[in-house]
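Below is one structure, written out as structure tokens; the observations come after it.
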Amino acid sequence: MRDWFGAQGWRPFPFQERCWDAWLEGRSGLLHSTTGTGKTYAAALGPVIDALAELSSAATAPLTLLWITPLRALADDTAQALEKPIQALGLPWTIETRSGDTPSTVRTRQGRLLPSVLVTTPESLTLQLSREDARERFGSLRAVVVDEWHELLGGKRGVQTELALARLRCWRRDLRIWGLSATLGNLAVAKAAMLGSSARRGLLIEGMAHKHYGIDSTLPTEIERFPWAGHLGLKLLPAVLTELERCRSALLFTNTRSQTEAWYQALLEARPGWAGEIALHHGSLDPDARRWVERNLRDGRLRAVVCTSSLDLGVDFSPVDRVFQVGSPKGVARLLQRAGRSGHQPGAVSRVTCVPTNAFELVEVAAARDALTAGRIEAREPVAEPLDVLAQHAVTIALGGGFRPEELLREVRRTHAFRDLSDDDWAWTLDFAATGGRTLRAYPEYRKLAQDPAGIYRVEDAKIARRHRMSIGTIVSDSSLHVQFMNGMRIGSVEEYFASRLKPGDCFLFAGRSLEVVRLRDMTLWVRKAAGKQGVVPRWMGGKMPLSSELSRAVRQKLDQARRGVYEGPEMQAVQPILELQRRWSALPGLAEVLVERVRTREGWHLYFYPFEGRLAHQGLAALLAFRMAQIRPITFSMAVNDYGFELLSPTPPPFDEALASGLFAAERLEADILSSLNAAEMARRQFREIARIAGLVFQGYPGAGKSARQLQASSGLIFDVFEKHDPGNLLLLQARRELLERQLDQARLLETLERIRKGRLVIVQPERPTPLGFPLLVERMRESLSSEKLADRVRRLQVTLEAAADEAP
């Protein structure tokens, strides 16, 4: 192996050799090393060394190495990376990928015989485990590598992976499992989640933790003292174009698919001669289109690709020498992950240029740089006991050869997610999977499992088996419609709620083209090219990410420095006029302070709070405080939230002082008050839709005849109502309420915020008018009732008035 490395002009790093030694000793573990330092070969070449020592004359080796990746885009890249040493060393190994994009001919071949190395996703692996002959198919497996484990860890896909690994370990006690991660703050927890009950024997190997990053910003030539979300829009496009002209190849990351479409179109309009040299990439594009972009980017044929998170994990695009981040990255780890797409080799500098969409994002860039220097990376907390995933897994294993309840329980408890699963909860889940539970057992479609005379649970109904295999997975999104040319060529997919607002003749921008709607039929949006016509950009749900806890803390530190007159770095110097005006009119909060502004305008009485804890926590906190003040005196509030704070607007003076005296920020009765303060029943109903889909209570439909989002919501909503009325202790119902608090309102962070407020100091001021920090919240509230054009006009008039006031003598 050292000889092969030498032939490439490389030398193995010490951490790579430690991984190979650990493999030869039969150990499992987690490898943590920064992006572009050789994690793939550290994990994969242990089995290769083993195979070299045992090299036989067999024509083709059976399945030996299973590589799990969270992204389809990573699968082909990983397979190519593994192919180089395997071919050069003459191993009789075949390498193939398996995901939702795999052609039917390859799937058919793999149905007969799996390759020596299979690169797959958690969903495709679970589908393989549902085969009757799954144990025999995986009987020769010696190693599993879970790539980008941090990306799976914090969600239900991570739990799905844990359960799949537990099944494989059950069949192969000597199975070696290695996880790979580049940006993670809680490594011990990550290792425990991946290795389950065998985590104590597992190794944690730290690779190259230090990589050189260059983080800078494109600074606006003119800074508005009253910025608002998205106000810079594409104003910085000329500066970005200038920088792109100096690059060999660049990735331009955005935070949403809509932004990707808009920026690609803007680049093409500004530089029509770049047609064919620039491309776009996001998860809604057709797989063939994505593969074309990845191949040409890897071969150095593209000047720039505008993309979303679909390309921000371990893909090796060596020609890329520059990364741009449009908008705030919202987290330190995400910025590092994306920066690492450039200089993706050991010793190279990874350079990222941040392009702000509003001036306050410059503070976030400066804060992210400080957090990186201090080594503060976000933790990813694993999900605990999601019974919807467990119910799905039980049906999968029943299909994959069947199970005895006591044996599967022991296996499941070896995972980190279900290590504390009680006997009662297991019995409830098993009864639910087998019969539908106490409220649904009368309906045949929910009676999925049958116990044979030997006590083994199996799936006997072919229709149930087929529907389950089509529904395997934990990724739940809004219903999508195929976008297809009249000649049959597929372009990608858009979400139903967007397509439902289009009528024949309407135009929209998608996949870099202007398209005209011909008709909407059978979950397909039929289109033709609309030459010379402008159109709207599709909107996808779930585009707004909250500011991470580490970046929030770093932002508060930068504001604390500004409060003391310290403005270090070009970004902070650029926003100094804004922050100085904020300090003159109101205050800048210190590190242990939370600023509250009380403002009276013609609209009413405004309360502005600035905890700087991200929009999810602020949404819950705003509703909580409004509810508690309304308990003192009946009052109605309008609310607006962003990552920095929230606004409560009332037509009459709010009882803020009385509420403060009676425990406005108390943690007591927190859960009850939050649930009372929101339309919690409706929010839990919508959260239940995801749970119902994963648990197999609703079926999304067969290909070409899928159900609409409205139909799915109606089906799950009906079941939700039945459970609430006739089975209020249903564990999936309780899970929906728990997930509402944990995921939609970030309850843990909300609790930390209340604790910080109680231990710190409230700074309460009464400015004469909205301040620079309050202005984005004011605009956010107006956005709900005004069109984009009317909003821009209204905002501009407000800015003129406030700028005039700012220019007056203090």
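Residue numbers start at 1 in each chain; chains themselves are named A, B, ... in the order of the structure tokens; ligands are numbered from 1 in the order shown.
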
- request: Would you kindly return, as a ChimeraX atom specification, each protein, DNA or RNA residue with an atom no farther than 8 Å from any atom of region 156-168 of chain A, considering only C-alpha atoms and excluding same-chain residues fewer than 2 positions away?
  value: /A:122,125-126,129,138,149,152-154,170-172,175,193-196,382-383,386,389,393,411-412,414-417,473-475

Can you tell me, as a short mmCIF file (atom, residue, chain, number, x, y, z; two decimals) with N, CA, C and O atoms, in the first residue's frame, what residues are no more than 9 Å from Asn186 (chain A) when counting only C-alpha atoms, ignoring any on the same chain fewer than 5 positions away?
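That gives us selection.cif:
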```cif
data_model
loop_
_atom_site.label_atom_id
_atom_site.label_comp_id
_atom_site.auth_asym_id
_atom_site.auth_seq_id
_atom_site.Cartn_x
_atom_site.Cartn_y
_atom_site.Cartn_z
N LYS A 191 -19.55 8.94 18.14
CA LYS A 191 -19.04 7.57 18.12
C LYS A 191 -20.03 6.61 18.79
O LYS A 191 -20.30 5.51 18.28
N ILE A 377 -17.03 24.39 17.01
CA ILE A 377 -17.84 23.80 15.95
C ILE A 377 -19.13 23.26 16.57
O ILE A 377 -19.13 22.73 17.68
N GLU A 378 -20.22 23.35 15.84
CA GLU A 378 -21.51 22.92 16.37
C GLU A 378 -21.55 21.41 16.64
O GLU A 378 -20.95 20.62 15.91
N ALA A 379 -22.24 21.05 17.71
CA ALA A 379 -22.52 19.64 18.01
C ALA A 379 -23.77 19.22 17.24
O ALA A 379 -24.61 20.05 16.88
N ARG A 380 -23.88 17.93 16.98
CA ARG A 380 -25.10 17.35 16.40
C ARG A 380 -25.64 16.34 17.39
O ARG A 380 -24.98 15.35 17.70
N GLU A 381 -26.83 16.61 17.92
CA GLU A 381 -27.40 15.70 18.92
C GLU A 381 -28.22 14.62 18.24
O GLU A 381 -29.09 14.90 17.42
#
```

task: From region 552-591 of chain A, collect each residue whose DSSP state is helix (DSSP H, G or I) and return the set as an NGL selection string.
output: :A and (552-563 or 569-585)

task: Based on DSSP run over this structure's backbone, return all residues of region 218-414 of chain A in strand (DSSP E or B), as a ChimeraX atom specification.
output: /A:250-253,275,278-281,285,304-307,322-326,350-355,403

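By only C-alpha atoms, and with residues fewer than 3 positions from Leu335 (chain A) along its chain excluded, the set lying at most 10 Å from it is Thr183, Ile215, Asp312, Gln325, Ser328, Pro329, Lys330, Gly331, Val332, Arg338, Ala339, Gly340, Val352, Cys354, Val365, Ala368, Arg369 and Leu372 of chain A.
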
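Distances to Gly26 (chain A) were evaluated for A:Ile205, A:Ala617, A:Leu127, A:Ala143 using only C-alpha atoms, and the minimum falls at A:Ala143.
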
query: Excluding same-chain residues fewer than 5 positions from region 398-404 of chain A, what lies within 9 Å of it counting only C-alpha atoms, as number ranges by chain?
result: A: 128-135, 393, 409, 449, 451, 454-460, 465

- prompt: Within 8 Å of region 794-797 of chain A, counting only C-alpha atoms, which residues qualify if same-chain residues fewer than 4 places away don't, as a VMD selection string?
  reply: chain A and resid 779 790 801

Atom-to-atom span, CA of Ser638 (chain A) and CA of Gln259 (chain A), Å: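 Calculated distance between CA of Ser638 (chain A) and CA of Gln259 (chain A) is 28.6 Å.
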
Residue nearest Thr771 (chain A) among A:Leu588, A:Met639, A:Leu481, A:Ala659 (counting only C-alpha atoms):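 Closest to Thr771 (chain A), using only C-alpha atoms: A:Leu588.
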